[in-house]
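Visitor: Contents of input.txt (compact mmCIF, C-alpha atoms) are below:
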# COMPACT_ATOMS: atom_id res chain seq x y z
CA MET A 1 0.00 0.00 0.00
CA VAL A 2 1.18 3.47 -0.83
CA SER A 3 0.82 5.75 2.16
CA SER A 4 2.38 8.80 3.72
CA LEU A 5 4.50 8.53 6.79
CA PRO A 6 3.19 10.32 9.87
CA LYS A 7 4.43 13.88 10.12
CA PRO A 8 4.13 16.48 12.83
CA VAL A 9 0.53 17.57 13.15
CA LYS A 10 -0.21 20.66 11.06
CA GLU A 11 -3.50 22.08 12.17
CA GLY A 12 -5.81 24.71 10.88
CA PRO A 13 -9.08 25.41 9.50
CA LEU A 14 -10.95 25.31 4.24
CA SER A 15 -14.72 28.52 2.87
CA LYS A 16 -17.95 26.91 2.49
CA SER A 17 -19.17 27.56 -1.04
CA LYS A 18 -22.48 27.75 -2.82
CA GLN A 19 -24.47 24.59 -2.34
CA ALA A 20 -26.55 22.69 -4.83
CA ARG A 21 -29.42 20.55 -3.72
CA LEU A 22 -29.48 16.96 -4.92
CA VAL A 23 -31.33 13.83 -3.96
CA VAL A 24 -29.40 10.71 -2.94
CA GLY A 25 -31.75 7.80 -2.42
CA LYS A 26 -34.52 9.32 -0.31
CA VAL A 27 -32.30 11.72 1.61
CA LEU A 28 -31.86 15.35 0.59
CA ARG A 29 -28.20 16.32 0.69
CA HIS A 30 -26.89 19.82 0.09
CA VAL A 31 -23.42 19.95 -1.39
CA LYS A 32 -21.62 22.20 -3.81
CA VAL A 33 -20.22 20.14 -6.65
CA HIS A 34 -17.87 21.53 -9.27
CA PRO A 35 -19.24 20.42 -12.68
CA ARG A 36 -15.77 19.48 -13.87
CA GLY A 37 -14.33 18.13 -10.65
CA ILE A 38 -11.28 20.26 -9.81
CA CYS A 39 -11.77 23.73 -11.27
CA SER A 40 -10.63 27.29 -10.78
CA ASN A 41 -12.84 29.49 -8.64
CA GLN A 42 -11.98 33.09 -9.37
CA GLN A 43 -14.37 34.28 -6.65
CA SER A 44 -12.12 32.86 -3.95
CA ALA A 45 -9.19 34.97 -2.80
CA PHE A 46 -6.31 32.60 -2.16
CA THR A 47 -2.57 33.17 -2.13
CA PRO A 48 -0.35 32.44 -5.16
CA GLU A 49 1.13 29.49 -3.24
CA TRP A 50 -2.35 27.99 -2.84
CA TYR A 51 -3.07 28.30 -6.55
CA GLU A 52 0.34 26.82 -7.35
CA CYS A 53 -0.57 23.81 -5.23
CA ARG A 54 -3.94 23.56 -7.00
CA SER A 55 -2.21 23.51 -10.38
CA ALA A 56 0.02 20.68 -9.15
CA ILE A 57 -3.11 18.79 -8.03
CA LYS A 58 -4.69 19.16 -11.47
CA GLU A 59 -1.51 17.84 -13.09
CA ALA A 60 -1.40 14.88 -10.71
CA LEU A 61 -5.02 14.00 -11.54
CA ARG A 62 -4.37 14.29 -15.28
CA CYS A 63 -1.41 11.94 -14.88
CA TYR A 64 -3.41 9.45 -12.81
CA ARG A 65 -6.27 9.34 -15.31
CA ARG A 66 -3.93 8.96 -18.27
CA LEU A 67 -2.22 6.05 -16.56
CA LEU A 68 -5.63 4.50 -15.99
CA SER A 69 -6.78 4.82 -19.60
CA ASP A 70 -3.51 4.40 -21.56
CA LYS A 71 -2.00 0.94 -21.16
CA ASP A 72 1.08 1.67 -23.31
CA TYR A 73 1.88 4.77 -21.26
CA ARG A 74 1.33 2.85 -18.04
CA GLU A 75 3.62 0.00 -19.06
CA GLY A 76 6.28 2.45 -20.26
CA ILE A 77 6.34 4.25 -16.91
CA SER A 78 6.38 0.90 -15.08
CA LYS A 79 9.39 -0.23 -17.11
CA ASP A 80 11.24 3.05 -16.60
CA HIS A 81 10.90 2.73 -12.82
CA GLY A 82 11.71 -0.95 -12.51
CA MET A 83 8.18 -2.15 -11.81
CA GLY A 84 7.03 -5.45 -13.27
CA LEU A 85 4.43 -5.48 -16.03
CA GLU A 86 0.79 -6.13 -15.23
CA ARG A 87 -0.38 -9.70 -15.04
CA GLY A 88 -3.84 -10.39 -16.36
CA LYS A 89 -6.51 -7.73 -16.59
CA PRO A 90 -5.91 -5.01 -14.01
CA SER A 91 -8.93 -4.10 -11.91
CA GLY A 92 -10.11 -3.13 -8.47
CA ILE A 93 -8.22 -1.61 -5.59
CA GLY A 94 -4.96 -3.31 -6.59
CA GLN A 95 -4.90 -1.44 -9.87
CA HIS A 96 -5.46 1.92 -8.21
CA MET A 97 -2.75 1.27 -5.63
CA ARG A 98 -0.39 0.56 -8.51
CA LEU A 99 -1.42 3.74 -10.33
CA ALA A 100 -0.84 5.82 -7.21
CA LYS A 101 2.61 4.29 -6.86
CA LEU A 102 3.42 5.18 -10.46
CA VAL A 103 2.30 8.78 -9.90
CA ARG A 104 4.56 8.88 -6.85
CA CYS A 105 7.48 7.55 -8.92
CA LEU A 106 6.90 10.46 -11.30
CA GLY A 107 7.16 12.87 -8.36
CA LYS A 108 3.64 14.22 -8.79
CA TRP A 109 2.10 13.52 -5.36
CA VAL A 110 0.87 16.68 -3.63
CA ASN A 111 0.44 17.48 0.09
CA THR A 112 2.45 14.42 1.09
CA ALA A 113 2.70 15.32 4.79
CA LYS A 114 -0.31 14.12 6.77
CA GLN A 115 -2.09 16.95 8.52
CA ILE A 116 -5.18 17.87 10.46
CA GLY A 117 -7.34 20.55 8.88
CA CYS A 118 -7.62 21.86 5.34
CA VAL A 119 -5.42 20.75 2.46
CA ALA A 120 -3.77 23.38 0.26
CA GLY A 121 -5.22 23.59 -3.24
CA ILE A 122 -8.48 21.82 -2.38
CA GLU A 123 -11.85 23.59 -2.24
CA VAL A 124 -15.02 22.43 -0.53
CA GLY A 125 -17.08 20.74 -3.26
CA ASP A 126 -14.15 19.42 -5.33
CA GLY A 127 -14.91 16.07 -6.96
CA PHE A 128 -12.64 13.06 -7.54
CA HIS A 129 -13.23 9.91 -9.56
CA TRP A 130 -11.35 7.29 -7.56
CA ARG A 131 -10.08 6.57 -4.04
CA GLY A 132 -6.53 6.62 -5.38
CA GLU A 133 -6.99 10.26 -6.39
CA LEU A 134 -7.82 11.19 -2.80
CA CYS A 135 -4.49 9.66 -1.83
CA ILE A 136 -2.26 11.42 -4.37
CA VAL A 137 -3.65 14.90 -3.54
CA GLY A 138 -3.33 14.45 0.24
CA LEU A 139 -7.02 14.31 1.22
CA HIS A 140 -7.17 10.69 2.44
CA SER A 141 -4.23 8.26 2.35
CA GLU A 142 -6.14 5.02 2.99
CA PHE A 143 -7.32 3.06 -0.05
CA GLN A 144 -9.87 0.95 1.82
CA LYS A 145 -10.28 2.17 5.40
CA GLY A 146 -12.89 4.84 5.96
CA ILE A 147 -10.94 6.59 8.72
CA ASP A 148 -7.45 8.00 8.10
CA CYS A 149 -5.33 8.78 11.16
CA ILE A 150 -2.22 10.58 12.33
CA THR A 151 -0.11 9.80 15.40
CA SER A 152 1.55 12.28 17.73
CA LEU A 153 5.34 12.57 17.55
CA ASN A 154 5.84 10.51 20.71
CA GLY A 155 3.29 7.92 19.57
CA SER A 156 1.08 8.39 22.62
CA LYS A 157 -2.03 9.68 20.84
CA ILE A 158 -3.90 9.23 17.59
CA TRP A 159 -6.33 11.55 15.79
CA ALA A 160 -8.47 11.24 12.65
CA THR A 161 -7.45 13.43 9.73
CA SER A 162 -10.27 12.44 7.37
CA ILE A 163 -13.17 10.06 6.85
CA VAL A 164 -14.67 8.70 3.62
CA ASP A 165 -18.36 7.84 3.64
CA SER A 166 -18.60 5.46 0.70
CA GLY A 167 -21.70 3.61 1.84
CA ARG A 168 -19.77 0.34 2.13
CA TYR A 169 -19.58 0.27 5.90
CA ASP A 170 -23.06 1.41 6.91
CA SER A 171 -21.48 4.71 7.83
CA SER A 172 -23.78 7.64 7.27
CA THR A 173 -26.66 6.14 9.16
CA ARG A 174 -28.59 9.34 9.86
CA LYS A 175 -28.57 12.70 8.10
CA VAL A 176 -29.70 15.27 10.63
CA SER A 177 -29.39 18.27 8.29
CA SER A 178 -27.32 19.44 5.33
CA ASP A 179 -24.42 20.13 7.70
CA GLU A 180 -24.82 17.40 10.32
CA PHE A 181 -24.77 13.60 10.19
CA THR A 182 -24.07 10.47 12.21
CA TYR A 183 -21.08 8.31 11.31
CA CYS A 184 -20.82 4.65 12.33
CA GLY A 185 -17.44 3.49 13.65
CA GLU A 186 -15.16 1.02 11.89
CA GLY A 187 -14.93 -2.74 12.37
CA GLU A 188 -17.29 -5.71 12.56
CA ASN A 189 -19.38 -4.78 9.54
CA PRO A 190 -21.88 -7.56 8.73
CA SER A 191 -21.62 -6.78 5.00
CA PHE A 192 -17.95 -7.87 4.98
CA CYS A 193 -17.68 -10.46 7.74
CA GLY A 194 -19.13 -13.33 5.73
CA PHE A 195 -19.74 -16.27 8.04
CA LYS A 196 -17.51 -14.85 10.75
CA LYS A 197 -19.23 -14.34 14.07
CA LEU A 198 -19.69 -10.65 14.73
CA LYS A 199 -18.33 -9.00 17.86
CA ASP A 200 -18.82 -5.65 19.54
CA GLN A 201 -16.87 -2.79 18.00
CA LYS A 202 -13.86 -1.70 20.04
CA LEU A 203 -12.62 1.76 20.90
CA VAL A 204 -9.35 1.31 19.01
CA GLY A 205 -7.84 2.53 15.74
CA GLY A 206 -10.07 4.93 13.86
CA ASN A 207 -12.76 4.83 16.53
CA ARG A 208 -10.28 5.92 19.22
CA ALA A 209 -8.95 8.58 16.84
CA LEU A 210 -12.40 10.11 16.28
CA MET A 211 -12.99 10.07 20.04
CA ASN A 212 -9.73 12.00 20.53
CA ASN A 213 -10.80 14.51 17.87
CA MET A 214 -13.91 15.13 19.93
CA ILE A 215 -11.99 15.50 23.20
CA ASP A 216 -9.28 17.76 21.74
CA ARG A 217 -11.65 19.70 19.47
CA LYS A 218 -9.73 18.90 16.30
CA PRO A 219 -11.57 19.01 12.95
CA VAL A 220 -11.79 16.12 10.50
CA ARG A 221 -12.08 16.27 6.70
CA VAL A 222 -15.21 14.61 5.29
CA ILE A 223 -15.37 13.05 1.82
CA ARG A 224 -18.55 11.44 0.54
CA ARG A 225 -19.36 9.18 -2.37
CA PHE A 226 -22.26 10.30 -4.57
CA ASP A 227 -23.86 8.36 -7.41
CA ASN A 228 -25.09 9.77 -10.71
CA ILE A 229 -24.52 13.49 -10.06
CA GLY A 230 -22.59 14.43 -13.21
CA ASN A 231 -18.96 14.02 -14.27
CA THR A 232 -18.72 10.64 -12.54
CA ASN A 233 -16.25 7.86 -13.28
CA GLU A 234 -17.04 4.91 -15.54
CA SER A 235 -18.74 3.17 -12.61
CA GLY A 236 -21.19 6.05 -12.19
CA TYR A 237 -20.00 7.61 -8.94
CA LYS A 238 -17.59 10.22 -7.63
CA PHE A 239 -16.12 11.35 -4.32
CA VAL A 240 -16.82 14.90 -3.14
CA TYR A 241 -14.89 16.79 -0.48
CA GLU A 242 -17.52 18.30 1.82
CA GLY A 243 -15.22 20.24 4.12
CA LEU A 244 -14.13 20.28 7.77
CA TYR A 245 -16.40 18.85 10.45
CA GLN A 246 -16.26 18.76 14.23
CA VAL A 247 -16.96 15.55 16.17
CA ASN A 248 -19.49 16.76 18.73
CA HIS A 249 -20.68 13.57 20.38
CA CYS A 250 -19.86 9.86 20.60
CA TRP A 251 -21.92 6.99 21.98
CA LYS A 252 -22.45 3.22 21.84
CA GLU A 253 -25.62 1.53 20.73
CA ILE A 254 -26.77 -1.95 19.82
CA ARG A 255 -27.24 -2.81 16.17
CA MET A 256 -30.70 -4.20 15.58
CA ASP A 257 -29.53 -6.71 12.95
CA SER A 258 -26.63 -8.20 14.94
CA GLY A 259 -27.29 -7.36 18.58
CA LYS A 260 -23.71 -6.10 18.88
CA TYR A 261 -22.46 -2.73 20.12
CA VAL A 262 -21.22 -0.18 17.60
CA TYR A 263 -19.75 3.30 18.09
CA LYS A 264 -21.48 6.27 16.52
CA PHE A 265 -20.23 9.81 16.08
CA ASN A 266 -22.20 13.00 15.54
CA LEU A 267 -20.38 15.38 13.15
CA VAL A 268 -21.27 19.01 12.45
CA LYS A 269 -19.80 21.12 9.65
CA LEU A 270 -17.63 24.06 10.70
CA GLU A 271 -18.64 27.59 9.81
CA ASP A 272 -17.49 29.11 6.53
CA HIS A 273 -14.63 31.18 7.93
CA LEU A 274 -13.14 28.07 9.60
CA GLN A 275 -13.02 25.95 6.43
CA TYR A 276 -9.79 27.47 5.07
CA GLU A 277 -6.57 28.13 6.93
CA PRO A 278 -5.90 31.90 7.23
CA GLN A 279 -2.41 31.54 5.76
CA TRP A 280 -3.94 30.59 2.38
CA LYS A 281 -6.24 33.60 2.18
CA VAL A 282 -5.17 36.87 0.57
CA ASN A 283 -6.98 39.00 3.12
CA ASN A 284 -6.22 37.38 6.44
CA VAL A 285 -8.99 37.78 9.00
CA ARG A 286 -9.08 36.96 12.67
CA THR A 287 -10.36 33.40 13.03
CA ARG A 288 -10.55 30.71 15.65
CA ARG A 289 -7.48 28.50 15.80
CA TYR A 290 -7.20 24.97 17.15
CA HIS A 291 -4.88 24.22 20.06
Please express what this file holds, its structure, as structure tokens.
Guide:
Amino acid sequence: MVSSLPKPVKEGPLSKSKQARLVVGKVLRHVKVHPRGICSNQQSAFTPEWYECRSAIKEALRCYRRLLSDKDYREGISKDHGMGLERGKPSGIGQHMRLAKLVRCLGKWVNTAKQIGCVAGIEVGDGFHWRGELCIVGLHSEFQKGIDCITSLNGSKIWATSIVDSGRYDSSTRKVSSDEFTYCGEGENPSFCGFKKLKDQKLVGGNRALMNNMIDRKPVRVIRRFDNIGNTNESGYKFVYEGLYQVNHCWKEIRMDSGKYVYKFNLVKLEDHLQYEPQWKVNNVRTRRYH
């Protein structure tokens, strides 16, 4: 797996943009979605360094998608960097892990240091086709896990940097409003346990990390998967960055289908002026900082 090594925690708040209303299943969700995924927003006033990072992100995504669609190009890059040729028909998560590794070999990964808070060059509402794209731009470094984490320098504490609600792990179980939802903790999912006997979820890993975010008042990035909303990938879905959220509450409850305990987290979206770190704005304003 291609992942970033833990770095010192870099904290800070990214500005809530215009929202478009769309229907997902039977739940109304409000989210701004750029029609062409990553695009330039001239209404936002960011620093030249921020826009430079955004340009690098666009280039990384172009490279990733070319590698995905052009087999000759992909094999040429693999050969140049000493990677074996593909065996059989590439597909699934293994293919995207390989593509991300190739993009890294080309030196095109962006925001490689894990951090809490906003990511330079990324706007609320930006869309991405694949999980691997979230990794190469620095939004979420896990290809399969829904909760990405960072560890303190002395290894004594863990926090969540981002979560992906893909619908695979019964995650977004209750949408309270356009800016508030309930997230189900990781582990012991009946959809992936097969014939394995289910157990109670434990307060470890990503669950412990989200709990620490709540205690220490540290924000977490939220990315959601949406189906059939325009400019999707060939499978008909895309991932949308919804912004920074605060974990406000955590509790345990019994799942009705399994009778086992699961952890649930209430997340609320931060206000507009807390979505972007002040250092990336042209006109710095006094904002709340995280300690």
Visitor: Could you name the residues that touch Glu59 (chain A) at 9 Å or less, counting all atoms listed in the file, but leaving out those on the same chain fewer than 5 positions away, as a short mmCIF file (atom, residue, chain, number, x, y, z; two decimals) with C-alpha atoms, in the coordinates of the input?
Guide:
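New file out_28.cif:
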data_model
loop_
_atom_site.label_atom_id
_atom_site.label_comp_id
_atom_site.auth_asym_id
_atom_site.auth_seq_id
_atom_site.Cartn_x
_atom_site.Cartn_y
_atom_site.Cartn_z
CA ARG A 54 -3.94 23.56 -7.00
CA TYR A 64 -3.41 9.45 -12.81
CA LYS A 108 3.64 14.22 -8.79
#
Visitor: What would the list of residues within 10 Å of (-14.3, -2.9, 21.3) (file frame) look like as a short mmCIF file (atom, residue, chain, number, x, y, z; two decimals) with C-alpha atoms, keeping the file's coordinate frame, if all atoms listed in the file are what count?
Guide:
data_model
loop_
_atom_site.label_atom_id
_atom_site.label_comp_id
_atom_site.auth_asym_id
_atom_site.auth_seq_id
_atom_site.Cartn_x
_atom_site.Cartn_y
_atom_site.Cartn_z
CA GLY A 187 -14.93 -2.74 12.37
CA GLU A 188 -17.29 -5.71 12.56
CA LYS A 199 -18.33 -9.00 17.86
CA ASP A 200 -18.82 -5.65 19.54
CA GLN A 201 -16.87 -2.79 18.00
CA LYS A 202 -13.86 -1.70 20.04
CA LEU A 203 -12.62 1.76 20.90
CA VAL A 204 -9.35 1.31 19.01
CA ASN A 207 -12.76 4.83 16.53
CA ARG A 208 -10.28 5.92 19.22
CA TYR A 261 -22.46 -2.73 20.12
CA VAL A 262 -21.22 -0.18 17.60
CA TYR A 263 -19.75 3.30 18.09
#
Visitor: Work out how far apart CA of Glu52 (chain A) and CA of Asn111 (chain A) are and give it in Å to one decimal.
Guide: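 So the answer is 11.9 Å.
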Visitor: Write out as a list of chain:residue names each polymer residue whose atoms come within 10 Å of Cys105 (chain A), counting all atoms listed in the file; drop sequence neighbours fewer than 6 positions from it.
Guide: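 That gives A:Ile77, A:Ser78, A:Asp80, A:His81, A:Leu99.
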Visitor: Please, what distance in Å, to one decimal, runs between CA of Leu210 (chain A) and CA of Leu244 (chain A)?
Guide: 13.4 Å
Visitor: Could you please determine the separation between CA of Trp159 (chain A) and CA of Arg131 (chain A) in Å, to one decimal place?
Guide: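 Answer for the CA of Trp159 (chain A) to CA of Arg131 (chain A) separation: 20.8 Å.
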Visitor: If we count all atoms listed in the file and set the cut-off at 8 Å, which residues sit around Val137 (chain A), ignoring sequence neighbours fewer than 6 positions away in its own chain? Please answer as a list of chain:residue names.
Guide: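 Contacts, with the query itself left out: A:Ile57, A:Ala60, A:Trp109, A:Val110, A:Asn111, A:Thr112.
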Visitor: Which is closer to Gln275 (chain A) than all the others in A:Val119, A:Thr182, A:His129, A:Gly236, using all atoms listed in the file?
Guide: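 Of the candidates, the smallest distance to Gln275 (chain A) is held by A:Val119.
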Visitor: Counting all atoms listed in the file, give me one row per residue of region 202-261 of chain A with an atom at most 9 Å from an atom of region 138-146 of chain A, showing the shortest contact pair and its distance in Å to one decimal, sorted by chain then residue number, as a Markdown table.
Guide:
| residue | atom | partner | partner_atom | distance |
| --- | --- | --- | --- | --- |
| A:Gly206 | CA | A:Gly146 | CA | 8.4 |
| A:Arg221 | CA | A:Leu139 | CA | 7.7 |
| A:Ile223 | CA | A:Leu139 | CA | 8.5 |
| A:Tyr241 | CA | A:Leu139 | CA | 8.4 |
Visitor: Residues at most 8 Å from Lys269 (chain A), counting only C-alpha atoms, excluding those fewer than 6 positions away in the same chain, as a list in words?
Guide: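 So, after excluding close chain neighbours, the residues are Asp179, Glu180, Gly243, Leu244, Tyr245 and Gln246 of chain A.
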Visitor: Which residue out of A:Thr47, A:Ser178, A:Ser55, A:Asn233 has the minimum interatomic distance to Ser69 (chain A) when all atoms listed in the file are used?
Guide: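 Counting all atoms listed in the file, the residue closest to Ser69 (chain A) is A:Asn233.
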Visitor: So, with all atoms listed in the file as the atoms that count, which of A:Ala45, A:Leu106, A:Met214, A:Ile163 lies closest to Ile136 (chain A)?
Guide: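 Once distances to Ile136 (chain A) are computed over all atoms listed in the file, the minimum belongs to A:Leu106.
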Visitor: Could you tell me which of A:Leu267, A:Leu61, A:Cys250, A:Met211 comes closest to Cys149 (chain A) if we count only C-alpha atoms?
Guide: A:Met211
Visitor: Rank nothing, just name the residue among A:Phe239, A:Tyr51, A:Trp251, A:Tyr73 nearest to Phe128 (chain A), using only C-alpha atoms.
Guide: A:Phe239
